[in-house]
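K.L.:
Contents of input-v5.txt (compact mmCIF, C-alpha atoms) are given next:
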```
# COMPACT_ATOMS: atom_id res chain seq x y z
CA MET A 1 -273.92 109.92 62.90
CA ASP A 2 -272.64 106.97 60.90
CA ARG A 3 -270.86 104.26 62.82
CA GLY A 4 -267.16 103.92 62.15
CA PRO A 5 -265.78 100.84 60.38
CA GLU A 6 -264.26 99.48 63.58
CA GLN A 7 -267.60 99.71 65.41
CA ARG A 8 -269.41 98.04 62.53
CA ARG A 9 -266.85 95.25 62.43
CA SER A 10 -267.09 94.82 66.20
CA GLU A 11 -270.88 94.52 66.00
CA GLN A 12 -270.57 92.13 63.09
CA ARG A 13 -268.09 89.98 65.01
CA GLN A 14 -270.48 89.83 67.97
CA SER A 15 -273.32 88.82 65.67
CA ASP A 16 -271.06 86.24 64.01
CA ARG A 17 -270.10 84.78 67.36
CA ARG A 18 -273.76 84.34 68.33
CA GLU A 19 -274.52 82.63 65.04
CA SER A 20 -271.42 80.46 65.40
CA GLU A 21 -272.40 79.38 68.91
CA GLN A 22 -275.88 78.46 67.70
CA ARG A 23 -274.39 76.45 64.88
CA ARG A 24 -271.98 74.68 67.23
CA SER A 25 -274.85 73.81 69.54
CA GLU A 26 -276.78 72.25 66.69
CA GLN A 27 -273.74 70.27 65.59
CA ARG A 28 -272.52 69.25 69.04
CA GLN A 29 -274.68 66.15 69.39
CA SER A 30 -273.48 64.83 66.06
CA GLY A 31 -269.92 65.82 66.96
CA ARG A 32 -270.05 63.85 70.20
CA ARG A 33 -271.11 60.70 68.35
CA LYS A 34 -268.25 61.08 65.91
CA SER A 35 -265.86 61.81 68.74
CA GLU A 36 -266.83 58.65 70.60
CA GLN A 37 -266.36 56.57 67.46
CA ARG A 38 -262.95 58.10 66.81
CA ARG A 39 -261.92 57.56 70.45
CA SER A 40 -262.99 53.93 70.17
CA ASP A 41 -260.98 53.56 66.97
CA ARG A 42 -257.98 55.23 68.55
CA ARG A 43 -258.09 53.02 71.66
CA GLU A 44 -257.95 49.98 69.40
CA LEU A 45 -255.06 51.45 67.43
CA ASP A 46 -253.23 52.39 70.64
CA ARG A 47 -253.67 48.81 71.85
CA ARG A 48 -252.00 47.58 68.68
CA GLU A 49 -249.28 50.19 69.02
CA SER A 50 -248.46 49.20 72.60
CA SER A 51 -247.29 45.79 71.42
CA ARG A 52 -244.75 47.36 69.07
CA PRO A 53 -241.29 48.65 70.03
CA GLU A 54 -241.18 52.46 70.05
CA LEU A 55 -239.01 54.15 67.47
CA ASP A 56 -239.08 57.92 67.66
CA SER A 57 -242.77 58.37 68.49
CA ARG A 58 -241.86 59.36 72.04
CA GLU A 59 -241.76 63.04 72.82
CA PRO A 60 -238.13 64.11 72.31
CA GLU A 61 -236.24 65.25 75.36
CA ARG A 62 -235.56 68.98 75.42
CA ARG A 63 -231.92 69.94 75.53
CA GLU A 64 -230.15 73.26 75.74
CA SER A 65 -228.23 74.31 72.67
CA SER A 66 -224.47 74.04 73.02
CA GLY A 67 -223.96 76.47 70.17
CA LYS A 68 -221.40 74.07 68.74
CA ARG A 69 -223.51 71.51 66.87
CA ARG A 70 -223.07 71.55 63.13
CA GLY A 71 -225.80 69.99 60.98
CA ARG A 72 -225.87 69.68 57.22
CA PHE A 73 -228.43 72.03 55.80
CA ALA A 74 -231.86 70.95 54.54
CA ALA A 75 -233.42 73.97 52.88
CA VAL A 76 -236.90 72.52 52.81
CA ILE A 77 -237.10 72.07 56.58
CA ILE A 78 -235.68 75.53 57.23
CA ALA A 79 -238.20 76.96 54.78
CA GLY A 80 -240.95 75.03 56.50
CA VAL A 81 -239.96 76.60 59.79
CA ALA A 82 -240.02 79.96 58.08
CA VAL A 83 -243.55 79.53 56.84
CA LEU A 84 -244.80 78.63 60.26
CA ALA A 85 -244.16 82.22 61.25
CA VAL A 86 -246.74 83.28 58.73
CA ALA A 87 -249.49 83.90 60.46
CA GLY A 88 -241.98 55.14 67.00
CA LEU A 89 -243.72 55.61 64.14
CA GLY A 90 -245.60 52.30 64.18
CA TYR A 91 -248.64 51.67 62.03
CA VAL A 92 -251.74 53.75 62.50
CA GLY A 93 -254.16 52.47 59.88
CA ILE A 94 -256.69 54.46 57.96
CA GLN A 95 -260.12 53.33 59.02
CA LYS A 96 -262.87 52.67 56.54
CA LYS A 97 -264.46 55.92 55.45
CA LYS A 98 -267.87 56.46 56.98
CA ALA A 99 -270.71 57.23 54.60
CA ALA A 100 -271.27 60.65 56.14
CA GLU A 101 -267.67 61.63 55.38
CA ALA A 102 -267.41 60.23 51.87
CA ALA A 103 -268.09 62.55 48.94
CA SER A 104 -268.74 59.53 46.74
CA ALA A 105 -268.29 55.78 46.74
CA LYS A 106 -265.49 55.75 44.17
CA ALA A 107 -262.67 55.27 46.64
CA THR A 108 -263.33 52.88 49.51
CA ALA A 109 -260.99 51.16 51.92
CA GLU A 110 -261.32 48.68 54.70
CA ALA A 111 -258.85 47.14 57.09
CA GLU A 112 -258.13 43.50 56.25
CA ASP A 113 -255.94 43.04 59.31
CA SER A 114 -254.01 45.17 61.76
CA ASN A 115 -251.37 46.07 59.17
CA THR A 116 -253.08 46.29 55.80
CA VAL A 117 -255.81 48.30 54.13
CA THR A 118 -257.51 47.57 50.84
CA TRP A 119 -258.08 50.45 48.44
CA GLN A 120 -259.22 50.25 44.84
CA GLY A 121 -258.71 46.49 44.87
CA LYS A 122 -255.10 46.60 46.10
CA ASN A 123 -253.52 46.04 49.51
CA TYR A 124 -251.44 48.74 51.21
CA LYS A 125 -249.38 49.11 54.36
CA TYR A 126 -248.48 52.27 56.22
CA ASN A 127 -244.89 53.34 55.43
CA GLN A 128 -243.07 53.03 58.73
CA ASN A 129 -240.05 54.94 57.38
CA LEU A 130 -241.95 58.23 57.66
CA SER A 131 -241.60 60.95 60.28
CA ASN A 132 -244.39 63.56 60.29
CA TYR A 133 -244.18 66.99 61.89
CA LEU A 134 -246.78 69.73 62.26
CA LEU A 135 -245.64 73.32 61.61
CA LEU A 136 -247.85 76.17 62.83
CA GLY A 137 -247.92 79.94 62.49
CA VAL A 138 -249.87 81.61 65.31
CA ASP A 139 -251.51 85.06 65.07
CA LYS A 140 -250.14 86.31 68.39
CA ARG A 141 -247.18 88.60 68.99
CA THR A 142 -246.06 86.94 72.20
CA PRO A 143 -246.87 83.48 73.56
CA ALA A 144 -250.33 83.63 75.13
CA GLU A 145 -250.41 82.79 78.82
CA THR A 146 -253.89 81.42 79.28
CA ARG A 147 -255.63 78.17 80.09
CA VAL A 148 -257.72 75.59 78.28
CA GLY A 149 -261.27 76.79 77.71
CA LYS A 150 -260.75 80.56 77.63
CA ALA A 151 -260.44 80.42 73.83
CA ASP A 152 -258.04 83.35 73.69
CA ALA A 153 -254.77 81.61 72.81
CA GLY A 154 -254.84 82.86 69.22
CA GLN A 155 -255.42 80.95 65.99
CA ALA A 156 -253.24 78.73 63.84
CA ASP A 157 -253.23 80.97 60.78
CA ALA A 158 -250.71 78.81 58.91
CA LEU A 159 -250.64 75.02 59.05
CA PHE A 160 -248.17 72.75 57.31
CA LEU A 161 -247.51 69.03 57.65
CA LEU A 162 -243.95 67.99 56.89
CA SER A 163 -243.31 64.31 56.12
CA LEU A 164 -239.78 62.94 55.85
CA ASN A 165 -238.93 59.49 54.52
CA ARG A 166 -235.91 58.46 56.58
CA LYS A 167 -234.99 55.70 54.13
CA THR A 168 -235.23 57.47 50.77
CA LYS A 169 -234.57 60.98 52.21
CA GLU A 170 -237.58 62.30 50.28
CA MET A 171 -239.73 65.06 51.75
CA THR A 172 -243.33 66.14 51.32
CA LEU A 173 -244.75 69.46 52.51
CA ILE A 174 -248.55 69.56 52.79
CA THR A 175 -250.43 72.85 53.09
CA ILE A 176 -253.61 72.83 55.18
CA PRO A 177 -255.89 75.85 54.53
CA ARG A 178 -256.67 77.60 57.82
CA ASP A 179 -260.42 77.63 57.06
CA THR A 180 -260.57 73.84 56.60
CA MET A 181 -263.78 72.54 58.19
CA THR A 182 -263.11 69.48 60.31
CA ASP A 183 -263.77 68.00 63.75
CA VAL A 184 -262.52 70.45 66.39
CA GLU A 185 -262.74 69.86 70.13
CA SER A 186 -264.17 72.78 72.13
CA PHE A 187 -264.19 73.46 75.86
CA ASP A 188 -266.23 75.45 78.34
CA LEU A 189 -264.70 78.20 80.48
CA GLU A 190 -263.75 75.66 83.14
CA GLY A 191 -261.75 73.64 80.66
CA LYS A 192 -264.29 70.82 80.37
CA SER A 193 -264.55 69.25 76.94
CA LEU A 194 -267.79 69.90 75.06
CA GLY A 195 -266.99 67.30 72.46
CA LYS A 196 -266.16 67.82 68.80
CA SER A 197 -268.05 69.58 66.06
CA LYS A 198 -267.29 70.81 62.57
CA ASP A 199 -265.38 74.07 62.72
CA HIS A 200 -262.37 75.90 61.27
CA ILE A 201 -259.20 73.93 61.97
CA SER A 202 -257.41 77.18 62.85
CA LEU A 203 -259.63 77.50 65.95
CA SER A 204 -258.34 74.26 67.45
CA TYR A 205 -255.27 76.12 68.70
CA GLY A 206 -257.30 78.83 70.42
CA TYR A 207 -258.98 76.46 72.88
CA GLY A 208 -255.64 75.56 74.44
CA ASP A 209 -253.21 77.30 76.75
CA GLY A 210 -251.19 79.15 74.12
CA GLY A 211 -248.41 76.59 74.50
CA ALA A 212 -248.10 72.82 74.44
CA GLU A 213 -251.81 72.14 75.01
CA SER A 214 -252.77 74.36 72.07
CA CYS A 215 -250.28 72.57 69.84
CA LYS A 216 -251.57 69.17 70.95
CA LEU A 217 -255.19 70.14 70.20
CA THR A 218 -254.24 71.24 66.70
CA GLN A 219 -252.08 68.15 66.26
CA GLU A 220 -255.08 65.98 67.12
CA ALA A 221 -257.35 67.89 64.73
CA VAL A 222 -254.85 67.48 61.89
CA SER A 223 -254.33 63.80 62.68
CA ASN A 224 -258.09 63.21 62.61
CA LEU A 225 -258.39 65.10 59.32
CA PHE A 226 -255.81 62.69 57.89
CA TYR A 227 -257.63 59.61 59.24
CA GLY A 228 -255.54 59.01 62.35
CA LEU A 229 -252.15 59.78 60.79
CA PRO A 230 -249.34 59.63 63.38
CA ILE A 231 -247.63 63.00 63.95
CA GLN A 232 -244.37 62.78 65.84
CA GLY A 233 -243.86 66.43 66.76
CA TYR A 234 -244.91 70.05 66.39
CA LEU A 235 -243.32 73.47 66.13
CA ALA A 236 -245.37 76.67 66.41
CA MET A 237 -244.09 80.22 65.92
CA ASN A 238 -245.74 83.53 66.80
CA LEU A 239 -245.68 86.77 64.83
CA ASP A 240 -242.63 88.24 66.54
CA GLY A 241 -240.48 85.62 64.83
CA ILE A 242 -241.18 86.93 61.33
CA PRO A 243 -238.63 89.78 61.34
CA GLU A 244 -235.98 87.34 62.57
CA LEU A 245 -236.49 85.18 59.51
CA ALA A 246 -235.92 88.03 57.07
CA LYS A 247 -233.00 89.26 59.16
CA SER A 248 -231.35 85.83 59.19
CA VAL A 249 -230.87 85.83 55.41
CA GLY A 250 -230.26 89.56 54.99
CA GLY A 251 -233.52 90.07 53.10
CA LEU A 252 -234.86 88.13 50.12
CA THR A 253 -236.48 88.76 46.74
CA VAL A 254 -239.89 87.31 45.83
CA THR A 255 -242.18 87.47 42.83
CA VAL A 256 -245.67 88.52 43.95
CA PRO A 257 -248.06 85.70 42.89
CA ASN A 258 -251.34 87.66 42.92
CA ASN A 259 -252.86 91.13 43.35
CA SER A 260 -254.41 90.49 46.79
CA LEU A 261 -252.34 93.25 48.46
CA GLU A 262 -252.22 95.79 45.66
CA TYR A 263 -255.35 97.60 46.91
CA LYS A 264 -253.42 98.78 49.98
CA TYR A 265 -249.78 98.22 49.05
CA PRO A 266 -249.21 99.14 45.38
CA GLU A 267 -245.63 97.85 45.53
CA PHE A 268 -247.04 94.32 45.89
CA ALA A 269 -248.64 94.26 42.43
CA GLU A 270 -249.00 90.86 40.80
CA GLY A 271 -245.80 89.84 39.02
CA ALA A 272 -243.65 92.47 40.70
CA GLU A 273 -240.28 91.49 42.16
CA VAL A 274 -239.91 92.92 45.64
CA THR A 275 -237.30 92.70 48.37
CA LEU A 276 -238.61 91.53 51.72
CA THR A 277 -236.90 92.89 54.81
CA GLU A 278 -237.48 92.97 58.55
CA GLU A 279 -239.90 95.85 57.98
CA ASN A 280 -242.22 94.48 55.29
CA THR A 281 -242.06 90.67 55.49
CA GLU A 282 -244.96 90.43 57.92
CA ILE A 283 -247.13 92.49 55.59
CA PHE A 284 -246.39 90.12 52.73
CA VAL A 285 -246.96 86.84 54.56
CA ARG A 286 -249.75 87.83 56.93
CA SER A 287 -251.91 90.67 55.59
CA ARG A 288 -255.21 90.02 53.85
CA ASP A 289 -258.50 91.77 53.17
CA VAL A 290 -260.86 90.18 55.72
CA ASP A 291 -263.84 91.61 53.83
CA GLU A 292 -262.95 89.66 50.68
CA SER A 293 -264.07 86.06 50.43
CA GLN A 294 -261.26 83.48 50.26
CA SER A 295 -258.57 86.06 50.97
CA ALA A 296 -256.83 83.45 53.13
CA ILE A 297 -256.28 81.35 49.99
CA TYR A 298 -254.60 84.27 48.23
CA ARG A 299 -252.46 84.85 51.31
CA MET A 300 -251.47 81.18 51.26
CA GLU A 301 -250.13 81.66 47.73
CA ARG A 302 -247.94 84.49 49.01
CA GLN A 303 -246.72 82.31 51.85
CA LYS A 304 -245.65 79.69 49.32
CA ALA A 305 -243.79 82.33 47.32
CA PHE A 306 -242.00 83.34 50.51
CA LEU A 307 -241.23 79.69 51.19
CA ASP A 308 -239.55 79.22 47.82
CA ALA A 309 -237.55 82.43 48.03
CA PHE A 310 -236.43 81.81 51.60
CA SER A 311 -235.35 78.27 50.73
CA LYS A 312 -233.08 79.47 47.94
CA LYS A 313 -231.59 82.32 49.98
CA ALA A 314 -231.06 80.08 53.01
CA LYS A 315 -229.10 77.58 50.92
CA GLU A 316 -226.81 80.38 49.81
CA CYS A 317 -226.35 81.50 53.41
CA TYR A 318 -225.47 78.00 54.53
CA LYS A 319 -222.83 77.62 51.84
CA GLN A 320 -221.18 80.74 53.24
CA ASN A 321 -221.61 79.82 56.91
CA ALA A 322 -222.03 76.23 58.16
CA LYS A 323 -223.47 77.54 61.43
CA PHE A 324 -226.36 79.28 59.69
CA ALA A 325 -229.03 76.70 60.64
CA ALA A 326 -227.98 76.56 64.30
CA ASN A 327 -227.85 80.36 64.50
CA LEU A 328 -231.32 80.67 63.01
CA PHE A 329 -232.84 78.33 65.57
CA VAL A 330 -231.21 80.28 68.37
CA ALA A 331 -232.73 83.48 66.93
CA ILE A 332 -236.28 82.15 66.65
CA LYS A 333 -236.31 80.04 69.82
CA PRO A 334 -237.96 82.78 71.99
CA TYR A 335 -240.89 82.88 69.57
CA THR A 336 -241.55 79.15 69.27
CA VAL A 337 -243.25 76.31 71.11
CA THR A 338 -242.05 72.82 70.19
CA ASN A 339 -241.65 69.31 71.49
CA ILE A 340 -238.87 68.60 69.00
CA SER A 341 -235.40 68.68 70.52
CA GLU A 342 -232.55 70.49 68.79
CA ASP A 343 -230.79 67.17 68.31
CA ARG A 344 -233.83 65.83 66.48
CA LEU A 345 -234.06 68.94 64.31
CA MET A 346 -230.42 68.66 63.34
CA LYS A 347 -230.89 64.98 62.47
CA LEU A 348 -233.79 66.02 60.26
CA PHE A 349 -231.49 68.49 58.50
CA GLN A 350 -228.89 65.82 57.93
CA THR A 351 -231.39 63.28 56.62
CA ALA A 352 -233.12 65.71 54.29
CA ASP A 353 -229.85 67.11 52.98
CA GLU A 354 -228.86 63.66 51.77
CA GLY A 355 -231.87 63.36 49.45
CA ASP A 356 -233.13 65.25 46.42
CA GLY A 357 -236.81 64.29 46.34
CA TYR A 358 -239.24 67.03 47.33
CA THR A 359 -242.96 67.33 46.65
CA GLU A 360 -245.68 69.59 47.96
CA TRP A 361 -249.43 69.56 47.80
CA THR A 362 -252.44 71.27 49.36
CA VAL A 363 -255.32 69.51 51.04
CA PRO A 364 -257.79 69.23 48.12
CA GLY A 365 -261.09 71.00 48.48
CA GLU A 366 -263.08 74.12 47.71
CA GLY A 367 -263.42 77.46 49.45
CA THR A 368 -266.98 78.65 50.08
CA GLN A 369 -268.74 81.46 51.91
CA GLY A 370 -270.23 80.15 55.15
CA LEU A 371 -272.95 81.71 57.29
CA SER A 372 -270.48 84.11 58.85
CA TYR A 373 -266.97 83.28 57.69
CA ASP A 374 -265.14 81.69 54.80
CA GLU A 375 -265.03 77.91 54.88
CA TYR A 376 -262.85 75.38 53.09
CA HIS A 377 -264.58 72.06 52.48
CA VAL A 378 -262.29 69.10 51.86
CA ASP A 379 -262.74 66.86 48.83
CA ASP A 380 -262.80 63.68 50.90
CA ASP A 381 -262.09 61.24 48.09
CA ALA A 382 -259.23 63.32 46.71
CA LEU A 383 -257.67 63.70 50.16
CA TYR A 384 -257.98 59.97 50.79
CA ALA A 385 -256.18 59.26 47.52
CA LYS A 386 -253.37 61.68 48.42
CA ILE A 387 -253.00 60.05 51.85
CA MET A 388 -252.64 56.62 50.27
CA GLU A 389 -250.15 57.97 47.74
CA THR A 390 -248.05 59.82 50.32
CA PHE A 391 -248.15 57.67 53.45
CA TYR A 392 -248.84 54.12 52.25
CA GLN A 393 -247.04 51.53 50.15
CA GLU A 394 -248.64 48.91 47.97
CA VAL A 395 -248.13 45.34 49.20
CA LYS A 396 -246.82 43.38 46.22
```
Is it possible to express this structure as structure tokens?
P.N.:
Amino acid sequence: MDRGPEQRRSEQRQSDRRESEQRRSEQRQSGRRKSEQRRSDRRELDRRESSRPELDSREPERRESSGKRRGRFAAVIIAGVAVLAVAGLGYVGIQKKKAAEAASAKATAEAEDSNTVTWQGKNYKYNQNLSNYLLLGVDKRTPAETRVGKADAGQADALFLLSLNRKTKEMTLITIPRDTMTDVESFDLEGKSLGKSKDHISLSYGYGDGGAESCKLTQEAVSNLFYGLPIQGYLAMNLDGIPELAKSVGGLTVTVPNNSLEYKYPEFAEGAEVTLTEENTEIFVRSRDVDESQSAIYRMERQKAFLDAFSKKAKECYKQNAKFAANLFVAIKPYTVTNISEDRLMKLFQTADEGDGYTEWTVPGEGTQGLSYDEYHVDDDALYAKIMETFYQEVK
């Protein structure tokens, strides 16, 4: 009797896990060396940071919502919060790229002093007017109650880095593919660190406790990917928040960007205009064919389409009701984990609403088929160039 598809997938997953563990074991020694170097770099950076006055790098104090605060609406931030469901500041310098991490020698940088880096023959300083926030979408229906090391907290299926320039009011939204291969810290069942090794960035969340510790592990992985970039806060949302997003705007219309869902849902044919509601939004932003290579990339395109549509609809809702943003946060609060206070979020709305500049980009790289799972390998030089362009300013 032929085995059913579920049994075959279960056996395949078990086989994949064994291969993955073997691969991690082989990489662990190298990962530990890299980890120690990064920790050494970070201790030096922290020492420099300690001599500077704190701005808003401290963890914001949590406060209960009064239900009466009114913030001006910033559609991009609201949309960023929406996408997470799918699925201070001080200088922290970019260290010189190590040979093992560089794809070529075209772009090189080295620290001249504690405040400047040299890249392509020019001097740059980190832009201290930036606030950076990590937005996560977790593939769990309810917050996981677990502990570090059990590796059952779920995965960060959607990762976005939101950067706000408090001076110019410009915003940048950076998409991080969930299969990005980078240094991820793993733990044994007792919660003891096993060091770092190359793995999918989405797995960094799973080694935590399903709450703050998971978010911090992913925050560290993202910061390391961006060469020690400071990240001031995080907000993660689980799957149960998705219907609330569609409900908050009374449904929204999107243009389907690809045919990745048509095989199972004919209504989501490429180019079709469909209305997303509480019932079908999760299908659109989360579903993918796990047997098709790079299906997560196609899903990411749908998430971006949802982002654009939600942003436009949310702006309309805010024009009709000034309390829209506050009401939305109240609705999604049970499904989120964050260290960003409501006051801080409202200040972000106000700041962003005062500016018109908005850009978005995806971590540059290429999707490939790994031994067991899809992998996304970063174009190191291209990412470095984007980091300099987005987070640094040339010293004239």
K.L.:
Counting all atoms listed in the file, figure out which residue out of A:Val222, A:Ser248, A:Tyr265, A:Arg302 gets nearest to Lys323 in chain A.
P.N.:
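Between A:Val222, A:Ser248, A:Tyr265, A:Arg302, the residue approaching Lys323 in chain A most closely is A:Ser248.
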K.L.:
Please list as a ChimeraX atom specification every residue within 9 Å of Asn129 in chain A, counting all atoms listed in the file and excluding residues in the same chain fewer than 4 positions away.
P.N.:
/A:89,164-168
K.L.:
What's around Ser293 in chain A at 7 Å? Count only C-alpha atoms, leave out sequence neighbours fewer than 2 positions away in its own chain, and write the answer as number ranges by chain.
P.N.:
A: 291, 295, 369, 374
K.L.:
Let me make sure I understand: among A:Val285, A:Glu170, A:Asn132, A:Tyr205, which one has the smallest atom-to-atom distance to Gln232 in chain A if we use all atoms listed in the file?
P.N.:
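When distances to Gln232 in chain A are compared using all atoms listed in the file, the smallest one comes from A:Asn132.
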K.L.:
Which polymer residues, whether protein, DNA or RNA, lie within 9 Å of the coordinate (-260.7, 62.0, 61.5) when you count all atoms listed in the file? List them as a PyMOL selection string, using the chain letters and numbers from the file.
P.N.:
chain A and resi 34-35+38+182-183+220-229
K.L.:
Mind pulling up the distance from CA of Lys247 in chain A to CA of Ser163 in chain A?
P.N.:
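Taking CA of Ser163 in chain A and CA of Lys247 in chain A, their separation equals 27.2 Å.
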K.L.:
Just how far from CA of Cys215 in chain A is CA of Gly195 in chain A, in Å to one decimal?
P.N.:
17.7 Å
K.L.:
I need the residue nearest Asp179 in chain A from this list: A:Val117, A:Ile201, A:Val274, A:Ile340. Use only C-alpha atoms for the distance.
P.N.:
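Of A:Val117, A:Ile201, A:Val274, A:Ile340, the one nearest Asp179 in chain A is A:Ile201, counting only C-alpha atoms.
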K.L.:
How many Å lie between CA of Val363 in chain A and CA of Thr275 in chain A, rounded to one decimal?
P.N.:
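Between CA of Val363 in chain A and CA of Thr275 in chain A the gap is 29.5 Å.
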K.L.:
Choose the residue, out of A:Leu203, A:Ile332, A:Leu245, A:Leu162, that has the smallest atom-to-atom separation from Trp361 in chain A; count all atoms listed in the file.
P.N.:
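The answer is A:Leu162, which sits nearest to Trp361 in chain A.
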K.L.:
Can you work out which one of A:Ser131, A:Gln219, A:Thr338, A:Ser202 has the shortest atom-to-atom distance to Phe391 in chain A, counting all atoms listed in the file?
P.N.:
A:Ser131
K.L.:
Under the rule that all atoms listed in the file are counted, which of A:Gly233, A:Gln294, A:Glu394, A:Gly367 is the nearest residue to Ser341 in chain A?
P.N.:
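The shortest atom-to-atom distance to Ser341 in chain A comes from A:Gly233.
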